[in-house]
file upload.cif (mmCIF, C-alpha atoms and all ligand atoms)
data_final
loop_
_atom_site.label_atom_id
_atom_site.label_comp_id
_atom_site.auth_asym_id
_atom_site.auth_seq_id
_atom_site.Cartn_x
_atom_site.Cartn_y
_atom_site.Cartn_z
CA MET V 1 -20.60 114.07 4.56
CA SER V 2 -19.46 110.71 3.33
CA ALA V 3 -16.12 109.20 4.15
CA ALA V 4 -14.29 106.48 2.26
CA ALA V 5 -11.39 105.22 4.35
CA GLY V 6 -10.41 102.77 1.62
CA GLU V 7 -10.78 99.79 3.96
CA PRO V 8 -12.45 96.52 2.89
CA ALA V 9 -15.96 97.15 1.49
CA TRP V 10 -14.76 100.69 0.86
CA GLY V 11 -14.77 101.55 4.60
CA TRP V 12 -17.48 103.93 3.53
CA LEU V 13 -19.43 105.96 6.07
CA PRO V 14 -22.57 107.17 4.30
CA GLU V 15 -22.96 109.99 6.87
CA GLY V 16 -19.74 110.81 8.64
CA ASP V 17 -17.72 113.62 10.13
CA LEU V 18 -14.06 114.25 10.84
CA LEU V 19 -12.44 116.23 13.63
CA THR V 20 -8.89 117.39 13.07
CA ARG V 21 -6.37 118.87 15.49
CA GLY V 22 -3.26 120.51 14.05
CA GLU V 23 -2.00 118.33 11.22
CA ARG V 24 -3.74 115.15 12.39
CA ILE V 25 -7.16 113.54 12.31
CA GLU V 26 -8.50 113.56 15.86
CA TRP V 27 -11.72 111.61 15.34
CA VAL V 28 -13.69 110.11 12.49
CA GLY V 29 -17.13 108.57 12.82
CA PRO V 30 -20.85 108.80 12.15
CA SER V 31 -22.30 112.33 12.04
CA ALA V 32 -24.75 111.42 14.80
CA GLU V 33 -21.80 111.00 17.20
CA ALA V 34 -19.79 114.01 16.06
CA GLU V 35 -21.27 116.53 18.49
CA ALA V 36 -20.51 114.29 21.47
CA ALA V 37 -16.98 113.62 20.18
CA TRP V 38 -16.40 117.36 19.82
CA GLN V 39 -17.81 118.23 23.25
CA ALA V 40 -15.65 115.54 24.87
CA ARG V 41 -12.53 117.13 23.38
CA ARG V 42 -13.53 120.73 23.73
CA GLY V 43 -10.74 122.81 25.21
CA THR V 44 -10.05 126.48 25.07
CA GLU V 45 -9.17 126.52 21.38
CA GLU V 46 -11.51 127.86 18.74
CA ALA V 47 -13.04 125.34 16.39
CA GLU V 48 -13.29 125.89 12.68
CA VAL V 49 -16.09 124.06 10.90
CA ILE V 50 -15.47 123.11 7.28
CA GLU V 51 -18.83 122.42 5.67
CA LEU V 52 -18.33 119.66 3.14
CA GLN V 53 -21.87 119.84 1.75
CA CYS V 54 -22.71 116.16 1.93
CA ARG V 55 -19.88 115.35 -0.45
CA LEU V 56 -17.74 112.28 -0.71
CA VAL V 57 -14.46 112.51 1.22
CA THR V 58 -11.48 110.22 0.70
CA PRO V 59 -7.97 110.28 2.09
CA GLY V 60 -5.72 112.64 0.14
CA LEU V 61 -4.49 110.60 -2.82
CA ILE V 62 -0.88 109.41 -2.95
CA ASP V 63 1.12 109.23 -6.18
CA ALA V 64 3.90 106.91 -5.02
CA HIS V 65 5.97 106.71 -8.22
CA THR V 66 6.79 109.84 -10.25
CA HIS V 67 9.75 111.29 -12.11
CA LEU V 68 8.48 114.86 -11.77
CA VAL V 69 11.77 116.77 -12.17
CA TYR V 70 13.28 116.91 -15.66
CA GLY V 71 13.96 119.24 -18.57
CA GLY V 72 12.49 119.11 -22.07
CA ASP V 73 9.97 116.64 -23.42
CA ARG V 74 9.92 113.56 -25.67
CA ALA V 75 7.07 114.42 -28.07
CA ARG V 76 9.36 113.75 -31.05
CA GLU V 77 10.18 110.29 -29.67
CA PHE V 78 6.45 109.62 -29.41
CA GLU V 79 6.15 110.37 -33.13
CA MET V 80 9.07 108.03 -33.87
CA ARG V 81 7.39 105.24 -31.92
CA LEU V 82 4.18 105.82 -33.85
CA GLN V 83 6.22 105.32 -37.02
CA GLY V 84 7.46 101.94 -35.78
CA ALA V 85 10.58 102.53 -33.67
CA SER V 86 10.45 100.71 -30.33
CA TYR V 87 11.23 102.23 -26.91
CA GLU V 88 14.24 99.93 -26.58
CA GLU V 89 15.58 100.78 -30.06
CA ILE V 90 15.37 104.50 -29.33
CA ALA V 91 17.12 103.98 -25.97
CA ARG V 92 19.92 101.89 -27.55
CA ALA V 93 20.44 104.59 -30.19
CA GLY V 94 21.18 107.14 -27.45
CA GLY V 95 17.71 108.70 -27.31
CA GLY V 96 15.17 107.95 -24.62
CA ILE V 97 16.30 108.61 -21.05
CA ARG V 98 19.63 109.99 -22.29
CA SER V 99 17.93 112.73 -24.30
CA THR V 100 16.08 113.84 -21.16
CA VAL V 101 19.38 113.75 -19.25
CA ALA V 102 20.87 116.21 -21.76
CA ALA V 103 17.83 118.52 -21.47
CA THR V 104 17.86 118.28 -17.66
CA ARG V 105 21.55 119.11 -17.41
CA ALA V 106 21.03 122.10 -19.69
CA ALA V 107 18.10 123.49 -17.66
CA SER V 108 18.66 126.06 -14.89
CA ASP V 109 17.65 125.28 -11.29
CA GLU V 110 14.76 127.70 -11.63
CA THR V 111 13.50 126.15 -14.88
CA LEU V 112 13.64 122.67 -13.36
CA PHE V 113 11.79 123.83 -10.27
CA SER V 114 9.07 125.80 -12.02
CA ALA V 115 8.31 122.97 -14.47
CA ALA V 116 8.09 120.49 -11.57
CA LEU V 117 5.92 122.93 -9.59
CA ALA V 118 3.40 123.16 -12.43
CA ARG V 119 3.28 119.36 -12.60
CA ALA V 120 2.83 119.01 -8.82
CA ARG V 121 -0.01 121.55 -8.91
CA ALA V 122 -1.78 119.51 -11.58
CA LEU V 123 -1.57 116.43 -9.34
CA LEU V 124 -2.73 118.40 -6.29
CA ALA V 125 -5.76 119.66 -8.26
CA GLU V 126 -6.89 116.02 -8.39
CA GLY V 127 -6.57 115.56 -4.64
CA VAL V 128 -2.98 114.24 -4.56
CA THR V 129 -1.50 115.43 -1.26
CA THR V 130 1.52 113.10 -1.11
CA MET V 131 3.92 112.40 -3.95
CA GLU V 132 7.12 110.45 -4.36
CA ILE V 133 9.61 112.15 -6.68
CA LYS V 134 12.61 110.38 -8.20
CA SER V 135 15.81 111.82 -9.56
CA GLY V 136 17.35 109.89 -12.44
CA TYR V 137 17.74 112.47 -15.20
CA GLY V 138 20.87 114.17 -13.82
CA LEU V 139 23.14 111.11 -13.53
CA SER V 140 26.07 112.99 -11.98
CA LEU V 141 26.83 114.06 -8.41
CA GLU V 142 25.75 117.65 -8.97
CA HIS V 143 22.92 117.19 -11.49
CA GLU V 144 21.20 114.50 -9.41
CA ALA V 145 21.51 116.77 -6.36
CA ARG V 146 19.94 119.69 -8.28
CA CYS V 147 16.93 117.53 -9.17
CA LEU V 148 16.51 116.25 -5.60
CA ARG V 149 16.75 119.80 -4.24
CA ALA V 150 14.04 120.91 -6.68
CA ALA V 151 11.85 118.03 -5.44
CA ARG V 152 12.41 118.98 -1.80
CA ARG V 153 11.62 122.61 -2.58
CA LEU V 154 8.17 121.64 -3.88
CA ALA V 155 7.12 120.78 -0.32
CA THR V 156 7.91 124.35 0.74
CA ALA V 157 5.92 125.87 -2.14
CA LEU V 158 2.85 123.61 -1.88
CA PRO V 159 1.11 122.00 1.11
CA ILE V 160 2.14 118.49 0.07
CA THR V 161 4.18 115.65 1.53
CA VAL V 162 7.13 114.85 -0.76
CA ARG V 163 9.23 111.69 -0.49
CA THR V 164 12.39 111.86 -2.57
CA THR V 165 14.04 108.85 -4.17
CA SER V 166 17.52 108.64 -5.69
CA LEU V 167 17.30 106.91 -9.07
CA ALA V 168 20.88 107.58 -10.13
CA ALA V 169 20.99 103.95 -11.35
CA HIS V 170 18.48 104.79 -14.10
CA ALA V 171 20.70 104.83 -17.20
CA LEU V 172 24.36 105.06 -18.08
CA PRO V 173 25.40 108.70 -18.63
CA PRO V 174 27.47 109.34 -21.79
CA GLU V 175 30.68 110.09 -19.86
CA PHE V 176 30.60 106.50 -18.51
CA GLU V 177 29.92 104.86 -21.91
CA GLY V 178 31.13 101.24 -21.81
CA ARG V 179 31.92 101.53 -18.08
CA ALA V 180 28.70 100.57 -16.32
CA ASP V 181 30.49 99.07 -13.31
CA ASP V 182 32.52 102.25 -12.84
CA TYR V 183 29.30 104.27 -12.93
CA ILE V 184 27.72 102.03 -10.30
CA GLU V 185 30.80 102.49 -8.14
CA ALA V 186 30.46 106.26 -8.54
CA VAL V 187 26.76 106.14 -7.58
CA CYS V 188 27.67 104.19 -4.43
CA ALA V 189 30.20 106.90 -3.55
CA TRP V 190 27.76 109.77 -4.27
CA LEU V 191 24.87 108.35 -2.24
CA PRO V 192 26.34 109.24 1.18
CA GLN V 193 26.82 112.83 -0.01
CA TRP V 194 23.19 113.23 -1.15
CA HIS V 195 22.09 111.54 2.05
CA ALA V 196 24.23 113.87 4.20
CA GLU V 197 22.47 116.84 2.56
CA GLY V 198 19.09 115.33 3.52
CA LEU V 199 18.08 114.84 -0.10
CA VAL V 200 17.20 111.14 -0.14
CA ASP V 201 14.36 109.19 1.49
CA ALA V 202 14.80 106.00 -0.57
CA VAL V 203 16.90 104.45 -3.35
CA ASP V 204 15.62 103.03 -6.64
CA GLY V 205 17.20 101.47 -9.72
CA PHE V 206 16.26 100.35 -13.23
CA CYS V 207 16.94 96.62 -13.52
CA GLU V 208 16.57 95.80 -17.22
CA ARG V 209 18.59 94.62 -20.20
CA ILE V 210 18.78 98.28 -21.42
CA ALA V 211 19.77 99.52 -17.96
CA PHE V 212 21.50 97.71 -15.06
CA THR V 213 21.97 94.04 -14.13
CA PRO V 214 20.71 92.55 -10.86
CA ALA V 215 24.34 92.39 -9.64
CA GLN V 216 24.82 96.12 -10.31
CA VAL V 217 21.51 97.00 -8.66
CA GLU V 218 22.52 94.92 -5.65
CA ARG V 219 25.67 96.99 -5.19
CA VAL V 220 23.63 100.20 -5.14
CA PHE V 221 21.17 98.63 -2.72
CA SER V 222 24.01 97.61 -0.38
CA ALA V 223 25.20 101.21 -0.34
CA ALA V 224 21.63 102.33 0.43
CA ARG V 225 21.21 99.85 3.23
CA ALA V 226 24.53 100.91 4.75
CA LEU V 227 22.95 104.36 5.11
CA GLY V 228 19.71 102.92 6.51
CA LEU V 229 17.76 103.93 3.40
CA PRO V 230 14.88 101.79 2.11
CA VAL V 231 15.02 100.50 -1.47
CA LYS V 232 12.58 99.95 -4.33
CA LEU V 233 13.09 98.89 -7.95
CA HIS V 234 11.89 99.35 -11.54
CA ALA V 235 11.64 95.65 -12.26
CA GLU V 236 10.29 93.31 -14.93
CA GLN V 237 9.04 96.16 -17.13
CA LEU V 238 10.34 94.88 -20.47
CA SER V 239 11.67 91.42 -19.55
CA ASP V 240 12.01 89.08 -16.56
CA SER V 241 15.44 89.90 -15.09
CA GLY V 242 14.65 88.62 -11.59
CA GLY V 243 14.72 92.19 -10.25
CA ALA V 244 11.57 91.94 -8.14
CA ALA V 245 12.84 88.86 -6.31
CA LEU V 246 16.17 90.59 -5.67
CA ALA V 247 14.38 93.70 -4.38
CA ALA V 248 12.09 91.62 -2.17
CA ARG V 249 15.05 89.70 -0.74
CA LEU V 250 16.51 93.04 0.31
CA GLY V 251 13.21 94.09 1.94
CA ALA V 252 12.20 96.58 -0.76
CA LEU V 253 9.22 98.83 -0.06
CA SER V 254 7.95 98.20 -3.59
CA ALA V 255 8.78 96.61 -6.92
CA ASP V 256 7.39 98.65 -9.78
CA HIS V 257 5.98 97.95 -13.30
CA LEU V 258 6.08 94.10 -13.10
CA GLU V 259 4.51 93.19 -16.46
CA TYR V 260 7.01 90.32 -16.84
CA LEU V 261 6.94 89.22 -13.19
CA GLY V 262 7.07 85.42 -12.78
CA ASP V 263 5.82 83.14 -10.01
CA ASP V 264 9.12 83.27 -8.11
CA GLY V 265 8.95 87.05 -8.01
CA VAL V 266 5.37 86.99 -6.74
CA ALA V 267 6.29 84.53 -3.97
CA ALA V 268 9.33 86.58 -2.95
CA MET V 269 7.27 89.77 -2.80
CA ALA V 270 4.56 88.09 -0.73
CA ALA V 271 7.15 86.80 1.72
CA SER V 272 8.75 90.21 2.23
CA GLY V 273 5.60 92.37 2.22
CA THR V 274 6.87 94.28 -0.82
CA VAL V 275 4.14 96.34 -2.52
CA ALA V 276 3.42 95.69 -6.22
CA MET V 277 3.42 99.15 -7.81
CA LEU V 278 1.47 98.94 -11.07
CA LEU V 279 1.87 101.70 -13.63
CA PRO V 280 -0.90 101.52 -16.22
CA GLY V 281 0.13 104.81 -17.88
CA ALA V 282 3.47 103.33 -19.04
CA TYR V 283 1.75 100.08 -20.09
CA TYR V 284 -0.72 102.09 -22.18
CA PHE V 285 1.76 104.57 -23.64
CA LEU V 286 4.25 101.86 -24.70
CA ARG V 287 1.35 99.80 -26.06
CA GLU V 288 2.45 96.83 -23.95
CA THR V 289 0.35 93.72 -24.30
CA LYS V 290 1.75 91.58 -21.49
CA LEU V 291 -0.30 92.18 -18.36
CA PRO V 292 1.19 92.15 -14.88
CA PRO V 293 0.17 88.92 -13.07
CA ILE V 294 -2.74 90.46 -11.17
CA ALA V 295 -4.46 87.20 -10.26
CA ALA V 296 -1.25 85.71 -8.85
CA LEU V 297 -0.50 88.90 -6.88
CA ARG V 298 -4.03 88.89 -5.44
CA LYS V 299 -3.87 85.21 -4.59
CA ALA V 300 -0.54 85.66 -2.81
CA GLY V 301 -1.89 88.66 -0.86
CA VAL V 302 0.65 91.13 -2.27
CA PRO V 303 -0.62 94.70 -1.67
CA ILE V 304 -1.19 96.47 -5.00
CA ALA V 305 -0.54 100.20 -5.50
CA ILE V 306 -1.16 102.37 -8.56
CA ALA V 307 0.79 105.47 -9.64
CA THR V 308 1.19 107.81 -12.60
CA ASP V 309 4.92 107.07 -13.18
CA HIS V 310 4.84 110.61 -14.58
CA ASN V 311 7.91 110.95 -16.83
CA PRO V 312 8.54 112.36 -20.30
CA GLY V 313 9.29 109.04 -22.01
CA THR V 314 6.83 106.36 -20.98
CA SER V 315 4.04 108.10 -19.07
CA PRO V 316 3.62 111.84 -19.60
CA THR V 317 0.29 111.86 -17.73
CA LEU V 318 -0.51 114.14 -14.80
CA SER V 319 -3.77 112.44 -13.87
CA LEU V 320 -3.79 109.89 -11.07
CA LEU V 321 -7.57 109.56 -11.55
CA LEU V 322 -6.98 108.45 -15.13
CA MET V 323 -4.63 105.78 -13.73
CA LEU V 324 -7.48 104.55 -11.50
CA ASN V 325 -9.63 104.13 -14.58
CA MET V 326 -6.83 102.44 -16.56
CA ALA V 327 -6.01 100.11 -13.65
CA CYS V 328 -9.60 98.90 -13.91
CA THR V 329 -10.05 98.87 -17.69
CA LEU V 330 -6.58 97.60 -18.65
CA PHE V 331 -5.52 95.56 -15.58
CA ARG V 332 -9.01 94.52 -14.40
CA LEU V 333 -8.58 95.79 -10.87
CA THR V 334 -11.83 96.52 -9.07
CA PRO V 335 -12.52 100.23 -8.43
CA GLU V 336 -12.10 99.48 -4.73
CA GLU V 337 -8.68 97.88 -5.28
CA ALA V 338 -7.69 100.85 -7.44
CA LEU V 339 -8.64 103.36 -4.72
CA ALA V 340 -6.73 101.35 -2.09
CA GLY V 341 -3.83 101.47 -4.59
CA VAL V 342 -3.63 105.27 -4.42
CA THR V 343 -4.32 105.56 -0.69
CA ARG V 344 -3.29 102.99 1.92
CA HIS V 345 -1.21 100.70 -0.29
CA ALA V 346 0.52 103.71 -1.85
CA ALA V 347 1.30 104.93 1.68
CA GLN V 348 2.77 101.52 2.50
CA ALA V 349 4.94 101.73 -0.63
CA LEU V 350 6.45 104.94 0.74
CA GLY V 351 6.95 103.64 4.27
CA LEU V 352 4.15 106.00 5.38
CA GLY V 353 1.55 103.33 6.15
CA ALA V 354 1.13 104.40 9.78
CA SER V 355 0.56 108.09 9.05
CA HIS V 356 -0.84 108.65 5.55
CA GLY V 357 -3.48 107.21 3.23
CA GLN V 358 -6.34 106.49 5.62
CA LEU V 359 -9.08 108.48 7.34
CA ARG V 360 -8.19 107.33 10.83
CA ALA V 361 -7.61 109.03 14.16
CA GLY V 362 -3.93 109.81 14.46
CA TRP V 363 -3.32 109.78 10.71
CA ARG V 364 -2.40 112.97 8.87
CA ALA V 365 -5.40 115.18 8.11
CA ASP V 366 -5.03 114.99 4.34
CA PHE V 367 -8.27 114.52 2.48
CA ALA V 368 -9.96 115.24 -0.81
CA VAL V 369 -13.60 116.24 -1.32
CA TRP V 370 -15.37 115.05 -4.45
CA ALA V 371 -18.51 115.92 -6.39
CA ALA V 372 -19.47 112.24 -6.34
CA GLU V 373 -21.96 110.04 -4.56
CA HIS V 374 -19.89 106.88 -4.22
CA PRO V 375 -16.12 106.21 -4.33
CA ASN V 376 -16.53 103.88 -7.30
CA GLU V 377 -17.14 107.00 -9.43
CA LEU V 378 -13.48 108.03 -9.03
CA ALA V 379 -12.42 105.10 -11.21
CA TYR V 380 -15.48 105.16 -13.44
CA ARG V 381 -15.21 108.57 -15.09
CA PHE V 382 -12.11 109.51 -17.04
CA GLY V 383 -10.82 112.78 -18.45
CA HIS V 384 -12.82 114.50 -15.72
CA ASN V 385 -11.82 116.00 -12.39
CA PRO V 386 -14.58 115.95 -9.72
CA CYS V 387 -12.27 117.18 -6.91
CA THR V 388 -13.92 120.21 -5.29
CA ALA V 389 -11.63 120.83 -2.30
CA VAL V 390 -8.45 119.52 -0.73
CA VAL V 391 -7.39 119.61 2.93
CA ALA V 392 -3.70 118.98 3.61
CA GLY V 393 -2.29 118.72 7.13
CA GLY V 394 -5.61 120.01 8.50
CA GLN V 395 -5.58 123.16 6.35
CA THR V 396 -7.85 123.85 3.40
CA VAL V 397 -5.67 124.17 0.31
CA PRO V 398 -6.21 127.63 -1.24
CA PRO V 399 -8.00 127.39 -4.61
CA SER V 400 -5.03 129.20 -6.21
CA HIS V 401 -2.96 126.02 -5.63
CA LEU V 402 -5.56 123.87 -7.34
CA HIS V 403 -5.38 125.44 -10.76
CA ARG V 404 -3.96 123.13 -13.37
CA THR V 405 -1.04 124.85 -15.00
CA ALA V 406 0.85 121.89 -16.48
O1 LIG X 501 9.39 104.31 -15.14
N1 LIG X 501 11.62 102.46 -16.77
C1 LIG X 501 12.37 103.33 -16.50
N2 LIG X 501 12.12 104.58 -16.18
C2 LIG X 501 10.92 105.29 -16.58
C3 LIG X 501 11.02 105.78 -17.98
C4 LIG X 501 12.05 106.77 -18.16
C5 LIG X 501 12.09 107.44 -19.50
O2 LIG X 501 11.81 106.82 -20.56
O3 LIG X 501 12.43 108.62 -19.47
C6 LIG X 501 9.69 104.46 -16.30
O4 LIG X 501 8.99 103.97 -17.21
FE FE X 502 9.26 104.99 -13.32
#
call {"tool": "encode", "arguments": {"input": "upload.cif", "output": "structure tokens"}}
result
Amino acid sequence: MSAAAGEPAWGWLPEGDLLTRGERIEWVGPSAEAEAAWQARRGTEEAEVIELQCRLVTPGLIDAHTHLVYGGDRAREFEMRLQGASYEEIARAGGGIRSTVAATRAASDETLFSAALARARALLAEGVTTMEIKSGYGLSLEHEARCLRAARRLATALPITVRTTSLAAHALPPEFEGRADDYIEAVCAWLPQWHAEGLVDAVDGFCERIAFTPAQVERVFSAARALGLPVKLHAEQLSDSGGAALAARLGALSADHLEYLGDDGVAAMAASGTVAMLLPGAYYFLRETKLPPIAALRKAGVPIAIATDHNPGTSPTLSLLLMLNMACTLFRLTPEEALAGVTRHAAQALGLGASHGQLRAGWRADFAVWAAEHPNELAYRFGHNPCTAVVAGGQTVPPSHLHRTA
């Protein structure tokens, strides 16, 4: 068995073994030492041996930025963009996010859940065992709560770790037209209620000229911090609004998108340890040409993560492996950086850096098994799923969960 812990120089063990106990990794090391490690720990419990057939093993992948719960689709908007309309024009004309809000509000709880379940299964089939799921298409007290409940429920239906994020500050709902500050005030009042129901692990916002100003985002972040919730931000996607620097100043876990990030933003992120969450699917699908400042982020030592940003408007992909390939081809990340971006740096972006995303003793026993010889193949092939088995929390995921249905 091979193990890629995603550490510098891949952290690759050409012949390795793992011992797990309960939901955790107990030991990881060279196969030659596995027998001794097992004998040293042998107790009364029965051991189960999972034969991995000399295959490559990586940590379970982590998709740390998704909008998995929503109604409807935006295929018609895609056609309009192909005919020349821009994403911003469609949004300003009341389409875009707002059209998904209408479809989400109209969908039943069961419809929302079953659509999200199919999407989560598709991710799991590619070895994704941890996913972050944002709200942001309900935009009212009750509709945001419905979406967050659907996200939470996914972790009871599938053997995955789900981190939920409130993205109520995503767009202005129609009932608050012309009253953005009133909406922000409402979001600040709703947050404690979602939090009291245990629905929120973090708080996000969309800081952009078609969404909310830095001052408005800051108000939402203050409300989050008053509840002890970590923050993150959609920042510098379409213009440089200074969102990443604001997020970093408030200790954000991540700043996401970042195509228009300037030097000040990079420096602020480096100083606060904020992860740069790059989303090549949205860059590709919106046919962006301005690249995120990869060289500056690298030079400043900012950890880089990669995610699908799955959503109906800017990134309707359900393949995190395709994002690895795009991170390399479009953003010129190395395959090793890309893999770190969906394992240990993605864990860091979720505040799970000490428990998820690495094959290390004490970390959660989440791993994916691949029909591949070397981890660089995960970024090299595209439109292809070499995942042959998934172990989540020490348990082999039943093949029935690995069927792509979305
Ligand atoms: O991450 N940028 C803002 N939010 C989403 C897009 C939402 C939508 O168009 O529905 C994103 O790209
Ligand atoms: Fe997003």
call {"tool": "closest_residue", "arguments": {"input": "upload.cif", "among": "V:Thr66, V:Thr156, V:Thr161, V:Thr213", "to": "ligand FE 502 (chain X)", "atoms": "all atoms listed in the file"}}
result
V:Thr66
call {"tool": "closest_residue", "arguments": {"input": "upload.cif", "among": "V:Ala361, V:Leu339, V:Ala122, V:Ala282", "to": "His374 (chain V)", "atoms": "all atoms listed in the file"}}
result
V:Leu339
call {"tool": "residues_around", "arguments": {"input": "upload.cif", "residues": "region 74-90 of chain V", "least_positions_apart": "2", "cutoff": "12 Å", "atoms": "only C-alpha atoms", "output": "PyMOL selection string"}}
result
chain V and resi 70-72+92-103+208-211+237-239+282-283+285-288+311-316
call {"tool": "closest_residue", "arguments": {"input": "upload.cif", "among": "V:Thr308, V:Gln39, V:Gln53, V:Thr104", "to": "ligand FE 502 (chain X)", "atoms": "all atoms listed in the file"}}
result
V:Thr308
call {"tool": "closest_atom_pairs", "arguments": {"input": "upload.cif", "of": "chain V", "to": "ligand FE 502 (chain X)", "cutoff": "12 Å", "atoms": "all atoms listed in the file", "output": "JSON lines"}}
result
{"residue": "V:Asp63", "atom": "CA", "partner": "X:FE502", "partner_atom": "FE", "distance": 11.6}
{"residue": "V:Ala64", "atom": "CA", "partner": "X:FE502", "partner_atom": "FE", "distance": 10.1}
{"residue": "V:His65", "atom": "CA", "partner": "X:FE502", "partner_atom": "FE", "distance": 6.3}
{"residue": "V:Thr66", "atom": "CA", "partner": "X:FE502", "partner_atom": "FE", "distance": 6.2}
{"residue": "V:His67", "atom": "CA", "partner": "X:FE502", "partner_atom": "FE", "distance": 6.4}
{"residue": "V:Leu68", "atom": "CA", "partner": "X:FE502", "partner_atom": "FE", "distance": 10.0}
{"residue": "V:Ile97", "atom": "CA", "partner": "X:FE502", "partner_atom": "FE", "distance": 11.1}
{"residue": "V:Glu132", "atom": "CA", "partner": "X:FE502", "partner_atom": "FE", "distance": 10.7}
{"residue": "V:Ile133", "atom": "CA", "partner": "X:FE502", "partner_atom": "FE", "distance": 9.8}
{"residue": "V:Lys134", "atom": "CA", "partner": "X:FE502", "partner_atom": "FE", "distance": 8.2}
{"residue": "V:Ser135", "atom": "CA", "partner": "X:FE502", "partner_atom": "FE", "distance": 10.2}
{"residue": "V:Gly136", "atom": "CA", "partner": "X:FE502", "partner_atom": "FE", "distance": 9.5}
{"residue": "V:Tyr137", "atom": "CA", "partner": "X:FE502", "partner_atom": "FE", "distance": 11.5}
{"residue": "V:Thr165", "atom": "CA", "partner": "X:FE502", "partner_atom": "FE", "distance": 11.0}
{"residue": "V:Ser166", "atom": "CA", "partner": "X:FE502", "partner_atom": "FE", "distance": 11.8}
{"residue": "V:Leu167", "atom": "CA", "partner": "X:FE502", "partner_atom": "FE", "distance": 9.3}
{"residue": "V:Ala169", "atom": "CA", "partner": "X:FE502", "partner_atom": "FE", "distance": 11.9}
{"residue": "V:His170", "atom": "CA", "partner": "X:FE502", "partner_atom": "FE", "distance": 9.3}
{"residue": "V:Asp204", "atom": "CA", "partner": "X:FE502", "partner_atom": "FE", "distance": 9.4}
{"residue": "V:Gly205", "atom": "CA", "partner": "X:FE502", "partner_atom": "FE", "distance": 9.4}
{"residue": "V:Phe206", "atom": "CA", "partner": "X:FE502", "partner_atom": "FE", "distance": 8.4}
{"residue": "V:Cys207", "atom": "CA", "partner": "X:FE502", "partner_atom": "FE", "distance": 11.4}
{"residue": "V:Lys232", "atom": "CA", "partner": "X:FE502", "partner_atom": "FE", "distance": 10.8}
{"residue": "V:Leu233", "atom": "CA", "partner": "X:FE502", "partner_atom": "FE", "distance": 9.0}
{"residue": "V:His234", "atom": "CA", "partner": "X:FE502", "partner_atom": "FE", "distance": 6.5}
{"residue": "V:Ala235", "atom": "CA", "partner": "X:FE502", "partner_atom": "FE", "distance": 9.7}
{"residue": "V:Glu236", "atom": "CA", "partner": "X:FE502", "partner_atom": "FE", "distance": 11.8}
{"residue": "V:Gln237", "atom": "CA", "partner": "X:FE502", "partner_atom": "FE", "distance": 9.6}
{"residue": "V:Ser254", "atom": "CA", "partner": "X:FE502", "partner_atom": "FE", "distance": 11.9}
{"residue": "V:Ala255", "atom": "CA", "partner": "X:FE502", "partner_atom": "FE", "distance": 10.6}
{"residue": "V:Asp256", "atom": "CA", "partner": "X:FE502", "partner_atom": "FE", "distance": 7.5}
{"residue": "V:His257", "atom": "CA", "partner": "X:FE502", "partner_atom": "FE", "distance": 7.8}
{"residue": "V:Leu258", "atom": "CA", "partner": "X:FE502", "partner_atom": "FE", "distance": 11.3}
{"residue": "V:Met277", "atom": "CA", "partner": "X:FE502", "partner_atom": "FE", "distance": 9.9}
{"residue": "V:Leu278", "atom": "CA", "partner": "X:FE502", "partner_atom": "FE", "distance": 10.1}
{"residue": "V:Leu279", "atom": "CA", "partner": "X:FE502", "partner_atom": "FE", "distance": 8.1}
{"residue": "V:Pro280", "atom": "CA", "partner": "X:FE502", "partner_atom": "FE", "distance": 11.1}
{"residue": "V:Gly281", "atom": "CA", "partner": "X:FE502", "partner_atom": "FE", "distance": 10.2}
{"residue": "V:Ala282", "atom": "CA", "partner": "X:FE502", "partner_atom": "FE", "distance": 8.3}
{"residue": "V:Tyr283", "atom": "CA", "partner": "X:FE502", "partner_atom": "FE", "distance": 11.2}
{"residue": "V:Ile306", "atom": "CA", "partner": "X:FE502", "partner_atom": "FE", "distance": 11.8}
{"residue": "V:Ala307", "atom": "CA", "partner": "X:FE502", "partner_atom": "FE", "distance": 9.2}
{"residue": "V:Thr308", "atom": "CA", "partner": "X:FE502", "partner_atom": "FE", "distance": 8.6}
{"residue": "V:Asp309", "atom": "CA", "partner": "X:FE502", "partner_atom": "FE", "distance": 4.8}
{"residue": "V:His310", "atom": "CA", "partner": "X:FE502", "partner_atom": "FE", "distance": 7.3}
{"residue": "V:Asn311", "atom": "CA", "partner": "X:FE502", "partner_atom": "FE", "distance": 7.0}
{"residue": "V:Pro312", "atom": "CA", "partner": "X:FE502", "partner_atom": "FE", "distance": 10.2}
{"residue": "V:Gly313", "atom": "CA", "partner": "X:FE502", "partner_atom": "FE", "distance": 9.6}
{"residue": "V:Thr314", "atom": "CA", "partner": "X:FE502", "partner_atom": "FE", "distance": 8.2}
{"residue": "V:Ser315", "atom": "CA", "partner": "X:FE502", "partner_atom": "FE", "distance": 8.4}
{"residue": "V:Pro316", "atom": "CA", "partner": "X:FE502", "partner_atom": "FE", "distance": 10.9}
call {"tool": "residues_around", "arguments": {"input": "upload.cif", "residues": "Ala223 (chain V)", "least_positions_apart": "4", "cutoff": "9 Å", "atoms": "only C-alpha atoms", "output": "list of chain:residue names"}}
result
V:Val187, V:Cys188, V:Ala189, V:Leu191, V:Pro192, V:Glu218, V:Arg219, V:Leu227, V:Gly228, V:Leu229
call {"tool": "atom_distance", "arguments": {"input": "upload.cif", "atom1": "CA of Glu26 (chain V)", "atom2": "CA of Gly43 (chain V)"}}
result
13.3 Å
call {"tool": "closest_residue", "arguments": {"input": "upload.cif", "among": "V:Val302, V:Arg149, V:Arg24, V:Tyr284", "to": "ligand LIG 501 (chain X)", "atoms": "only C-alpha atoms and all ligand atoms"}}
result
V:Tyr284
